[in-house]
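K.L.:
Next comes the structure file query_2.csv, holding CSV, C-alpha atoms.
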```csv
chain,number,residue,atom,x,y,z
A,1,MET,CA,-52.2,-33.9,22.4
A,2,GLY,CA,-48.6,-32.7,22.7
A,3,LEU,CA,-45.6,-34.2,24.2
A,4,GLY,CA,-47.6,-36.2,26.8
A,5,LEU,CA,-48.6,-38.6,24.0
A,6,LEU,CA,-45.0,-39.3,23.3
A,7,LEU,CA,-44.2,-39.9,27.0
A,8,LEU,CA,-47.1,-42.3,27.3
A,9,SER,CA,-46.5,-44.3,24.2
A,10,GLY,CA,-43.6,-46.7,24.9
A,11,THR,CA,-43.2,-47.4,21.2
A,12,HIS,CA,-40.2,-46.9,18.9
A,13,LEU,CA,-40.5,-43.6,16.9
A,14,GLN,CA,-38.6,-43.5,13.6
A,15,ALA,CA,-36.8,-40.1,13.5
A,16,ALA,CA,-37.0,-37.8,10.5
A,17,THR,CA,-33.8,-36.6,8.9
A,18,LEU,CA,-31.5,-34.9,11.3
A,19,GLY,CA,-30.4,-31.9,9.3
A,20,ALA,CA,-30.3,-28.2,10.1
A,21,ASP,CA,-33.4,-27.4,8.0
A,22,GLU,CA,-35.4,-30.2,9.5
A,23,ILE,CA,-34.5,-29.2,13.1
A,24,ASN,CA,-34.9,-25.5,12.7
A,25,ALA,CA,-38.3,-25.9,11.0
A,26,ALA,CA,-39.5,-28.7,13.3
A,27,GLU,CA,-43.1,-28.3,14.6
A,28,PRO,CA,-45.3,-30.3,17.0
A,29,GLY,CA,-47.8,-31.3,14.2
A,30,ALA,CA,-45.3,-33.2,12.1
A,31,PHE,CA,-43.9,-34.9,15.2
A,32,ARG,CA,-47.4,-36.0,16.3
A,33,GLU,CA,-47.9,-37.5,12.8
A,34,ARG,CA,-44.7,-39.5,13.0
A,35,LEU,CA,-45.8,-40.8,16.5
A,36,ALA,CA,-49.3,-41.6,15.3
A,37,GLU,CA,-47.8,-43.7,12.4
A,38,ALA,CA,-45.6,-45.5,14.9
A,39,GLU,CA,-48.6,-46.2,17.1
A,40,ARG,CA,-50.6,-47.6,14.1
A,41,LYS,CA,-47.7,-50.0,13.3
A,42,ARG,CA,-47.4,-51.0,16.9
A,43,ALA,CA,-51.2,-51.8,17.0
A,44,GLU,CA,-50.7,-54.2,14.2
A,45,LYS,CA,-48.7,-56.4,16.5
A,46,PRO,CA,-51.0,-56.9,19.5
A,47,ASP,CA,-48.5,-59.1,21.4
A,48,GLU,CA,-46.1,-56.2,21.4
A,49,ALA,CA,-48.5,-53.3,21.9
A,50,PRO,CA,-48.5,-51.6,25.3
A,51,PRO,CA,-51.7,-51.2,27.3
A,52,ALA,CA,-53.9,-48.4,25.9
A,53,LYS,CA,-53.4,-45.1,27.7
A,54,ASP,CA,-55.7,-42.1,28.0
A,55,PRO,CA,-53.8,-39.4,26.0
A,56,ASP,CA,-55.2,-36.8,28.4
A,57,THR,CA,-53.6,-38.4,31.4
A,58,LEU,CA,-50.6,-36.5,32.7
A,59,PRO,CA,-47.3,-38.2,32.1
A,60,THR,CA,-45.6,-39.8,35.1
A,61,GLU,CA,-41.9,-39.9,35.6
A,62,ASP,CA,-41.9,-43.7,35.3
A,63,GLU,CA,-43.7,-43.5,32.0
A,64,ALA,CA,-41.2,-40.9,30.7
A,65,ARG,CA,-38.4,-43.1,31.7
A,66,ARG,CA,-39.8,-46.2,29.9
A,67,ALA,CA,-40.4,-44.1,26.8
A,68,ALA,CA,-36.9,-42.8,26.9
A,69,GLU,CA,-35.6,-46.3,26.9
A,70,ALA,CA,-37.8,-47.2,23.9
A,71,LEU,CA,-37.2,-44.1,21.8
A,72,THR,CA,-33.6,-44.6,20.6
A,73,ASP,CA,-33.5,-42.2,17.6
A,74,PRO,CA,-33.1,-38.5,18.2
A,75,ASP,CA,-36.0,-36.6,16.8
A,76,PRO,CA,-35.7,-33.1,15.1
A,77,PHE,CA,-38.6,-31.7,17.0
A,78,LEU,CA,-37.3,-32.8,20.3
A,79,VAL,CA,-33.9,-31.3,19.5
A,80,ARG,CA,-35.5,-28.0,18.7
A,81,LEU,CA,-37.7,-28.2,21.8
A,82,GLN,CA,-34.8,-28.9,24.1
A,83,VAL,CA,-32.6,-26.1,22.6
A,84,LEU,CA,-35.3,-23.5,23.0
A,85,LEU,CA,-35.9,-24.6,26.6
A,86,ASP,CA,-32.2,-24.3,27.3
A,87,ARG,CA,-32.1,-20.8,25.7
A,88,ALA,CA,-35.0,-19.8,27.9
A,89,HIS,CA,-32.9,-21.0,30.9
A,90,ALA,CA,-35.3,-23.8,31.7
A,91,SER,CA,-32.5,-26.4,31.3
A,92,PRO,CA,-33.5,-29.9,30.1
A,93,GLY,CA,-30.1,-31.1,31.1
A,94,VAL,CA,-28.5,-32.8,28.1
A,95,ILE,CA,-29.8,-31.9,24.6
A,96,ASP,CA,-30.2,-35.4,23.1
A,97,GLY,CA,-33.3,-35.3,20.9
A,98,LEU,CA,-35.0,-38.0,23.0
A,99,SER,CA,-38.0,-38.1,25.3
A,100,GLY,CA,-37.2,-38.0,29.0
A,101,GLU,CA,-38.3,-36.8,32.4
A,102,ASN,CA,-35.8,-33.9,32.5
A,103,THR,CA,-37.4,-32.4,29.4
A,104,VAL,CA,-40.8,-32.8,31.0
A,105,LYS,CA,-39.5,-31.0,34.1
A,106,ALA,CA,-38.1,-28.2,31.9
A,107,ILE,CA,-41.5,-27.8,30.1
A,108,ARG,CA,-43.4,-27.6,33.4
A,109,LEU,CA,-41.1,-25.0,34.8
A,110,PHE,CA,-41.3,-23.0,31.6
A,111,GLU,CA,-45.1,-23.2,31.7
A,112,GLU,CA,-45.1,-22.0,35.3
A,113,ARG,CA,-42.9,-19.1,34.6
A,114,ARG,CA,-45.1,-18.0,31.7
A,115,GLY,CA,-48.4,-18.4,33.7
A,116,LEU,CA,-49.6,-21.3,31.5
A,117,PRO,CA,-51.3,-24.5,32.7
A,118,VAL,CA,-48.6,-26.7,34.2
A,119,ASP,CA,-48.9,-30.2,32.7
A,120,GLY,CA,-45.5,-30.9,31.0
A,121,ARG,CA,-47.1,-30.9,27.5
A,122,VAL,CA,-46.3,-29.1,24.4
A,123,ASP,CA,-49.7,-27.6,23.6
A,124,ASP,CA,-50.3,-24.7,21.2
A,125,ASP,CA,-50.0,-22.0,23.9
A,126,MET,CA,-46.8,-23.4,25.3
A,127,TRP,CA,-45.2,-23.8,21.8
A,128,ARG,CA,-46.3,-20.3,20.9
A,129,ALA,CA,-44.6,-18.8,24.0
A,130,LEU,CA,-41.5,-20.9,23.5
A,131,THR,CA,-41.1,-20.0,19.8
A,132,GLN,CA,-41.1,-16.3,20.5
A,133,ASP,CA,-37.4,-17.2,20.2
A,134,SER,CA,-37.4,-17.8,16.5
A,135,ALA,CA,-33.6,-18.1,16.0
A,136,PRO,CA,-32.2,-21.3,14.5
A,137,ALA,CA,-31.8,-24.1,17.1
A,138,VAL,CA,-28.7,-25.5,15.5
A,139,LYS,CA,-25.7,-23.9,13.7
A,140,THR,CA,-22.4,-24.9,12.1
A,141,TYR,CA,-19.2,-24.8,14.1
A,142,GLU,CA,-15.8,-25.0,12.6
A,143,ILE,CA,-13.3,-27.2,14.5
A,144,THR,CA,-10.1,-25.3,15.3
A,145,GLU,CA,-6.5,-26.3,16.0
A,146,LYS,CA,-7.0,-25.3,19.6
A,147,ASP,CA,-9.9,-27.8,19.8
A,148,ILE,CA,-7.8,-30.6,18.4
A,149,ASP,CA,-4.8,-29.8,20.7
A,150,GLY,CA,-6.8,-29.9,23.9
A,151,ARG,CA,-5.5,-31.5,27.0
A,152,TYR,CA,-7.3,-34.8,26.5
A,153,VAL,CA,-7.2,-38.0,28.5
A,154,LYS,CA,-7.9,-41.2,26.6
A,155,ARG,CA,-9.1,-43.2,29.6
A,156,ILE,CA,-10.7,-42.0,32.8
A,157,PRO,CA,-10.3,-44.7,35.5
A,158,SER,CA,-13.3,-45.4,37.7
A,159,ASP,CA,-11.2,-46.3,40.7
A,160,TYR,CA,-10.1,-43.3,42.7
A,161,ALA,CA,-6.6,-44.7,43.4
A,162,ASP,CA,-6.0,-44.9,39.6
A,163,LEU,CA,-7.8,-41.6,39.1
A,164,ALA,CA,-5.4,-39.9,41.6
A,165,LYS,CA,-2.4,-40.8,39.3
A,166,LEU,CA,-3.6,-38.4,36.6
A,167,LYS,CA,-2.3,-34.9,36.5
A,168,TRP,CA,-5.4,-33.6,34.8
A,169,VAL,CA,-8.8,-35.2,34.5
A,170,GLY,CA,-9.8,-33.8,31.2
A,171,TYR,CA,-12.1,-34.7,28.4
A,172,ARG,CA,-11.5,-37.9,26.4
A,173,GLY,CA,-11.5,-36.1,23.1
A,174,VAL,CA,-12.9,-33.5,20.8
A,175,GLU,CA,-16.4,-35.0,20.6
A,176,GLU,CA,-16.8,-35.0,24.4
A,177,MET,CA,-15.5,-31.5,24.7
A,178,LEU,CA,-17.8,-30.2,21.9
A,179,GLY,CA,-20.7,-32.0,23.4
A,180,GLU,CA,-20.3,-30.2,26.7
A,181,ARG,CA,-19.6,-26.9,25.1
A,182,PHE,CA,-22.9,-27.0,23.2
A,183,HIS,CA,-24.8,-28.9,25.9
A,184,MET,CA,-25.3,-32.0,23.8
A,185,SER,CA,-25.0,-35.7,24.2
A,186,GLU,CA,-22.2,-37.3,22.1
A,187,GLY,CA,-24.8,-39.5,20.6
A,188,LEU,CA,-26.7,-36.5,19.1
A,189,LEU,CA,-23.4,-34.9,18.0
A,190,GLU,CA,-22.5,-38.0,16.1
A,191,ALA,CA,-26.0,-38.4,14.6
A,192,LEU,CA,-25.8,-34.8,13.3
A,193,ASN,CA,-22.3,-35.3,11.9
A,194,PRO,CA,-21.9,-38.9,10.8
A,195,ASP,CA,-19.0,-38.2,8.6
A,196,ALA,CA,-17.2,-35.5,10.7
A,197,GLN,CA,-13.4,-35.7,11.0
A,198,TRP,CA,-13.0,-34.6,14.6
A,199,THR,CA,-9.2,-34.3,14.4
A,200,LYS,CA,-9.1,-32.1,11.3
A,201,ALA,CA,-9.1,-28.4,11.7
A,202,GLY,CA,-11.6,-26.6,9.5
A,203,THR,CA,-14.1,-29.4,9.7
A,204,GLY,CA,-17.7,-28.0,10.0
A,205,ALA,CA,-19.9,-29.6,12.6
A,206,LEU,CA,-23.6,-29.1,13.2
A,207,VAL,CA,-24.2,-28.3,16.8
A,208,ALA,CA,-26.9,-27.0,19.1
A,209,ASP,CA,-27.0,-23.3,19.8
A,210,PRO,CA,-27.8,-23.0,23.5
A,211,GLY,CA,-27.4,-19.2,23.4
A,212,ALA,CA,-26.0,-16.9,26.1
A,213,ALA,CA,-25.6,-17.7,29.8
A,214,PRO,CA,-28.2,-16.4,32.2
A,215,GLU,CA,-27.5,-12.9,33.6
A,216,GLY,CA,-28.3,-11.2,36.9
A,217,LEU,CA,-27.6,-11.9,40.5
A,218,VAL,CA,-29.0,-14.9,42.2
A,219,THR,CA,-30.0,-14.1,45.8
A,220,ARG,CA,-31.8,-17.4,46.5
A,221,ILE,CA,-31.5,-21.0,45.3
A,222,GLU,CA,-34.2,-23.5,46.1
A,223,VAL,CA,-33.1,-27.1,45.9
A,224,ASP,CA,-36.2,-29.3,45.4
A,225,LYS,CA,-35.2,-32.7,46.7
A,226,SER,CA,-38.3,-34.5,45.8
A,227,ARG,CA,-38.5,-33.2,42.2
A,228,GLY,CA,-34.8,-33.3,41.5
A,229,GLU,CA,-34.4,-29.7,40.3
A,230,ILE,CA,-33.0,-26.3,41.3
A,231,LEU,CA,-34.6,-22.9,40.9
A,232,ALA,CA,-32.5,-19.8,41.1
A,233,TYR,CA,-34.2,-16.5,41.9
A,234,GLY,CA,-33.0,-12.9,41.4
A,235,GLU,CA,-33.3,-9.9,43.7
A,236,ASP,CA,-36.8,-9.2,42.4
A,237,GLY,CA,-38.0,-12.7,43.3
A,238,LYS,CA,-38.2,-13.7,39.6
A,239,ILE,CA,-36.6,-16.9,38.4
A,240,ILE,CA,-33.4,-16.5,36.5
A,241,MET,CA,-32.7,-20.2,35.7
A,242,THR,CA,-33.9,-23.7,36.5
A,243,ALA,CA,-32.1,-27.0,36.0
A,244,PRO,CA,-32.4,-30.8,36.7
A,245,ALA,CA,-30.3,-32.0,39.5
A,246,THR,CA,-29.1,-35.2,41.2
A,247,ILE,CA,-29.7,-34.8,44.9
A,248,GLY,CA,-28.5,-37.2,47.6
A,249,SER,CA,-29.8,-40.7,48.4
A,250,GLU,CA,-31.3,-42.5,51.4
A,251,ASP,CA,-27.8,-43.6,52.6
A,252,THR,CA,-26.2,-40.2,52.0
A,253,PRO,CA,-29.0,-37.6,52.0
A,254,SER,CA,-28.6,-34.0,51.0
A,255,PRO,CA,-28.7,-31.6,53.9
A,256,SER,CA,-31.9,-29.9,55.2
A,257,GLY,CA,-32.6,-26.3,56.0
A,258,ASP,CA,-31.0,-23.1,55.0
A,259,MET,CA,-27.4,-22.1,54.2
A,260,ARG,CA,-25.5,-19.8,51.9
A,261,VAL,CA,-23.0,-20.0,49.1
A,262,GLU,CA,-19.5,-19.8,50.8
A,263,ARG,CA,-17.3,-19.7,47.7
A,264,VAL,CA,-16.9,-20.8,44.1
A,265,ALA,CA,-14.0,-22.7,42.6
A,266,HIS,CA,-13.5,-23.3,38.9
A,267,ASP,CA,-11.6,-26.4,37.8
A,268,PRO,CA,-11.5,-27.7,41.4
A,269,GLY,CA,-9.4,-30.6,42.6
A,270,TYR,CA,-10.9,-33.1,44.9
A,271,THR,CA,-9.7,-34.5,48.2
A,272,TYR,CA,-11.1,-38.0,48.8
A,273,ASN,CA,-11.3,-38.7,52.5
A,274,PRO,CA,-13.1,-41.9,53.4
A,275,LYS,CA,-13.1,-41.0,57.1
A,276,LYS,CA,-15.3,-37.9,56.4
A,277,ASN,CA,-17.2,-38.8,53.3
A,278,PHE,CA,-17.6,-42.4,52.1
A,279,GLN,CA,-15.5,-45.3,51.0
A,280,GLN,CA,-15.0,-45.8,47.2
A,281,GLY,CA,-14.1,-49.3,46.2
A,282,GLN,CA,-11.2,-50.6,48.4
A,283,ASN,CA,-9.7,-47.2,48.9
A,284,LYS,CA,-9.3,-46.5,52.6
A,285,GLU,CA,-6.6,-43.8,52.4
A,286,LEU,CA,-6.7,-40.1,51.7
A,287,LEU,CA,-6.3,-39.4,47.9
A,288,GLU,CA,-5.8,-36.1,46.0
A,289,ILE,CA,-7.5,-36.1,42.6
A,290,ALA,CA,-6.4,-33.5,40.1
A,291,PRO,CA,-8.8,-30.9,38.5
A,292,GLY,CA,-10.6,-31.4,35.3
A,293,PRO,CA,-14.2,-31.6,33.9
A,294,ASN,CA,-14.2,-35.4,34.2
A,295,GLY,CA,-13.2,-35.3,37.9
A,296,PRO,CA,-15.6,-36.3,40.7
A,297,VAL,CA,-17.0,-32.8,41.1
A,298,GLY,CA,-16.8,-31.7,37.4
A,299,SER,CA,-15.6,-28.3,36.3
A,300,VAL,CA,-17.0,-26.1,39.1
A,301,TRP,CA,-17.6,-26.3,42.8
A,302,ILE,CA,-20.0,-24.0,44.6
A,303,ALA,CA,-19.3,-24.5,48.3
A,304,LEU,CA,-22.1,-24.1,50.8
A,305,THR,CA,-21.7,-22.9,54.4
A,306,LYS,CA,-22.5,-26.4,55.7
A,307,PRO,CA,-19.1,-28.2,55.7
A,308,THR,CA,-18.4,-30.8,52.9
A,309,TYR,CA,-21.6,-29.9,50.9
A,310,GLY,CA,-21.8,-28.1,47.6
A,311,ILE,CA,-23.4,-27.6,44.2
A,312,HIS,CA,-21.1,-28.9,41.5
A,313,GLY,CA,-20.7,-30.4,38.0
A,314,THR,CA,-20.4,-34.0,36.9
A,315,PRO,CA,-18.3,-36.1,34.6
A,316,GLU,CA,-21.4,-37.8,33.2
A,317,PRO,CA,-24.1,-35.3,32.4
A,318,THR,CA,-26.5,-37.9,30.9
A,319,LYS,CA,-27.0,-39.4,34.4
A,320,ILE,CA,-28.3,-36.2,36.0
A,321,ASP,CA,-31.3,-37.1,38.2
A,322,LYS,CA,-30.9,-40.7,37.1
A,323,THR,CA,-28.4,-41.8,39.8
A,324,ASN,CA,-27.8,-40.7,43.4
A,325,SER,CA,-25.2,-38.4,44.7
A,326,HIS,CA,-23.3,-38.6,48.0
A,327,GLY,CA,-25.3,-35.7,49.5
A,328,CYS,CA,-24.3,-32.8,47.3
A,329,VAL,CA,-26.3,-31.2,44.5
A,330,ARG,CA,-25.0,-32.3,41.1
A,331,LEU,CA,-25.7,-30.5,37.8
A,332,THR,CA,-24.4,-30.8,34.3
A,333,ASN,CA,-21.0,-29.0,34.1
A,334,TRP,CA,-22.6,-26.2,31.9
A,335,ASP,CA,-25.6,-25.7,34.3
A,336,ALA,CA,-23.2,-25.6,37.3
A,337,GLU,CA,-21.0,-23.1,35.5
A,338,ALA,CA,-24.0,-20.9,34.5
A,339,LEU,CA,-25.1,-20.9,38.1
A,340,ALA,CA,-21.6,-20.2,39.4
A,341,GLY,CA,-21.5,-17.1,37.3
A,342,ILE,CA,-24.6,-15.5,38.9
A,343,VAL,CA,-24.2,-16.4,42.6
A,344,GLU,CA,-22.5,-14.2,45.2
A,345,LYS,CA,-20.5,-15.6,48.1
A,346,GLU,CA,-21.9,-15.1,51.5
A,347,ARG,CA,-25.0,-13.5,50.1
A,348,THR,CA,-26.8,-16.1,47.9
A,349,GLU,CA,-29.1,-18.2,50.2
A,350,VAL,CA,-29.6,-21.9,49.5
A,351,HIS,CA,-32.8,-23.5,50.8
A,352,PHE,CA,-33.4,-27.3,50.6
A,353,LEU,CA,-37.0,-28.1,50.2
A,354,GLU,CA,-38.3,-31.3,51.8
A,355,GLU,CA,-41.0,-33.7,50.6
A,356,GLY,CA,-44.3,-31.7,50.4
A,357,GLN,CA,-42.7,-28.3,50.4
A,358,GLU,CA,-43.5,-26.2,47.3
A,359,PRO,CA,-41.1,-23.9,45.6
A,360,THR,CA,-41.7,-20.2,46.2
A,361,GLY,CA,-43.2,-19.8,42.7
A,362,ALA,CA,-42.1,-19.1,39.2
A,363,THR,CA,-44.9,-17.0,37.8
A,364,ALA,CA,-43.7,-13.6,38.7
A,365,ALA,CA,-42.2,-13.0,35.2
A,366,ALA,CA,-41.3,-14.6,31.9
A,367,PRO,CA,-37.7,-14.9,30.8
A,368,PRO,CA,-36.7,-12.8,27.8
A,369,ALA,CA,-37.3,-14.6,24.5
A,370,GLY,CA,-34.3,-15.3,23.0
A,371,GLU,CA,-26.5,-47.6,35.2
A,372,THR,CA,-25.2,-47.2,38.7
A,373,ALA,CA,-21.9,-49.0,39.2
A,374,ALA,CA,-21.5,-51.5,42.0
A,375,GLN,CA,-18.9,-49.1,43.6
A,376,PRO,CA,-19.3,-45.3,43.5
A,377,ALA,CA,-17.4,-43.9,40.5
A,378,PRO,CA,-17.3,-40.5,38.8
A,379,ASP,CA,-21.0,-40.9,38.0
A,380,ALA,CA,-21.7,-40.5,41.7
A,381,ALA,CA,-19.5,-37.6,42.7
A,382,PRO,CA,-18.9,-37.3,46.5
A,383,ALA,CA,-19.0,-34.4,48.8
A,384,ALA,CA,-15.7,-32.6,49.0
A,385,SER,CA,-13.5,-32.6,52.1
A,386,PRO,CA,-13.1,-29.1,53.4
A,387,ASP,CA,-9.7,-29.4,55.0
A,388,ASN,CA,-7.3,-29.3,52.1
A,389,ALA,CA,-6.7,-25.8,50.7
A,390,GLY,CA,-4.5,-27.1,47.8
A,391,SER,CA,-6.6,-29.5,45.8
A,392,GLN,CA,-10.0,-29.5,47.3
A,393,PRO,CA,-12.7,-27.2,45.8
A,394,GLY,CA,-12.5,-23.8,47.3
```
As structure tokens - that is how I would like this structure written.
P.N.:
Amino acid sequence: MGLGLLLLSGTHLQAATLGADEINAAEPGAFRERLAEAERKRAEKPDEAPPAKDPDTLPTEDEARRAAEALTDPDPFLVRLQVLLDRAHASPGVIDGLSGENTVKAIRLFEERRGLPVDGRVDDDMWRALTQDSAPAVKTYEITEKDIDGRYVKRIPSDYADLAKLKWVGYRGVEEMLGERFHMSEGLLEALNPDAQWTKAGTGALVADPGAAPEGLVTRIEVDKSRGEILAYGEDGKIIMTAPATIGSEDTPSPSGDMRVERVAHDPGYTYNPKKNFQQGQNKELLEIAPGPNGPVGSVWIALTKPTYGIHGTPEPTKIDKTNSHGCVRLTNWDAEALAGIVEKERTEVHFLEEGQEPTGATAAAPPAGETAAQPAPDAAPAASPDNAGSQPG
């Protein structure tokens, strides 16, 4: 039945042991057995059991979201699945070992690229194609003195006036830094390393192995506004990478039409200008916010030729495609950095697809094996003001 059964269940699934051996050897069959057992236990309590679902019905985004809320324990199979998707450059967003719509989107895009039936399920053909990459999904990383001595910030204010007082909007600590380095949620990192001493050099930590960054030159990016994802194409028309994205809102929609990449800025500062963008809290004055991965636009800014709009990172990767942006295209920091490394200023085209418009297509070739706050806060990063050359992205 595949992953679709998980997404339709809405029942708590008891995770198997989260060790390296369990994750690296995880297979769909054992996962389905665990799920079936959870379903049987659920059926013994009719008052709590969800309505019966046809296991052959395609999962909907709403069902995936409900299941993600119910499945609170990371599962070794889902960890391996997400890591392999990430290594195939079909990003699931945050690797957390949980069911979710971003994983479903990644599966669908992987299936399309491989010429498989596109249904968001882990069937035999999909799993066989994905596991052509047979390398371990997790590895041991040794914490260094440099990791411990990072430029950390204990508290990241949500109010922009307070945020503007910081000289660097860095990670909160070693765990957050390592989570982003290895594309993981802090929850999964802690589950894999319950006894880790994060401030002791030489400590071994079990982490995801997301592999190398995508290579090539992206000549066209398609931003699918209705599906909440980006597709990046190379010169030959083949997809280089895909990723989930937070794209605008009804009040502050993303732009329409065609434009180009204008420039790329790493570790960008941010100019908050309520007269040009939006008003955050009670802040009505211009504010300069320092650079850093926990800043409003994350660790990288890809400016577009339409003023104030860009593709950028985020301080809260777990909220990608779960909240709205202020018109820009928001990715996890690592997906934004990967994309920034393969675009070319003034050459890479960016096309925003409207409702009903289909992406160009992903089947030309396979990749090589290998919560919303009442006031906008860093989880809803705004478009950047274009008129400050010092601290604004650019």
K.L.:
Quick one: pull the distance between CA of Phe77 in chain A and CA of Ala245 in chain A, Å, one decimal.
P.N.:
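CA of Ala245 in chain A lies at a distance of 24.0 Å from CA of Phe77 in chain A.
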K.L.:
For a quick check of understanding, using only C-alpha atoms, which of A:Ala196, A:Leu166, A:Ala208, A:Ile95 has the smallest distance to Lys139 in chain A?
P.N.:
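Residue with the minimum atom-to-atom distance to Lys139 in chain A: A:Ala208.
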K.L.:
Report, in Å to a single decimal, how far apart CA of Tyr272 in chain A and CA of His351 in chain A are.
P.N.:
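About the pair CA of His351 in chain A and CA of Tyr272 in chain A: they are 26.2 Å apart.
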K.L.:
Excluding Ala25 in chain A and its own-chain neighbours fewer than 3 positions away, which residues fall within 10 Å of it when counting all atoms listed in the file? Please give them as a list of chain:residue names.
P.N.:
A:Ala20, A:Asp21, A:Glu22, A:Pro76, A:Phe77, A:Arg80, A:Ser134, A:Pro136, A:Ala137
K.L.:
So, with all atoms listed in the file as the atoms that count, which of A:Ala243, A:Val138, A:Ile289, A:Met184 lies closest to Asn24 in chain A?
P.N.:
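Ranked by minimum distance to Asn24 in chain A, first place goes to A:Val138.
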K.L.:
Work out how far CA of Leu287 in chain A is from CA of Trp334 in chain A, in Å to one decimal.
P.N.:
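These two atoms are separated by 26.4 Å.
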K.L.:
Please list as a list in words every residue within 9 Å of Ser91 in chain A, counting all atoms listed in the file and excluding residues in the same chain fewer than 5 positions away.
P.N.:
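Listed by chain and then number, they are Gln82, Val83, Leu85, Asp86, Asn102, Thr103, Lys105, Ala106, Met241, Thr242, Ala243, Pro244 and Asp335 of chain A.
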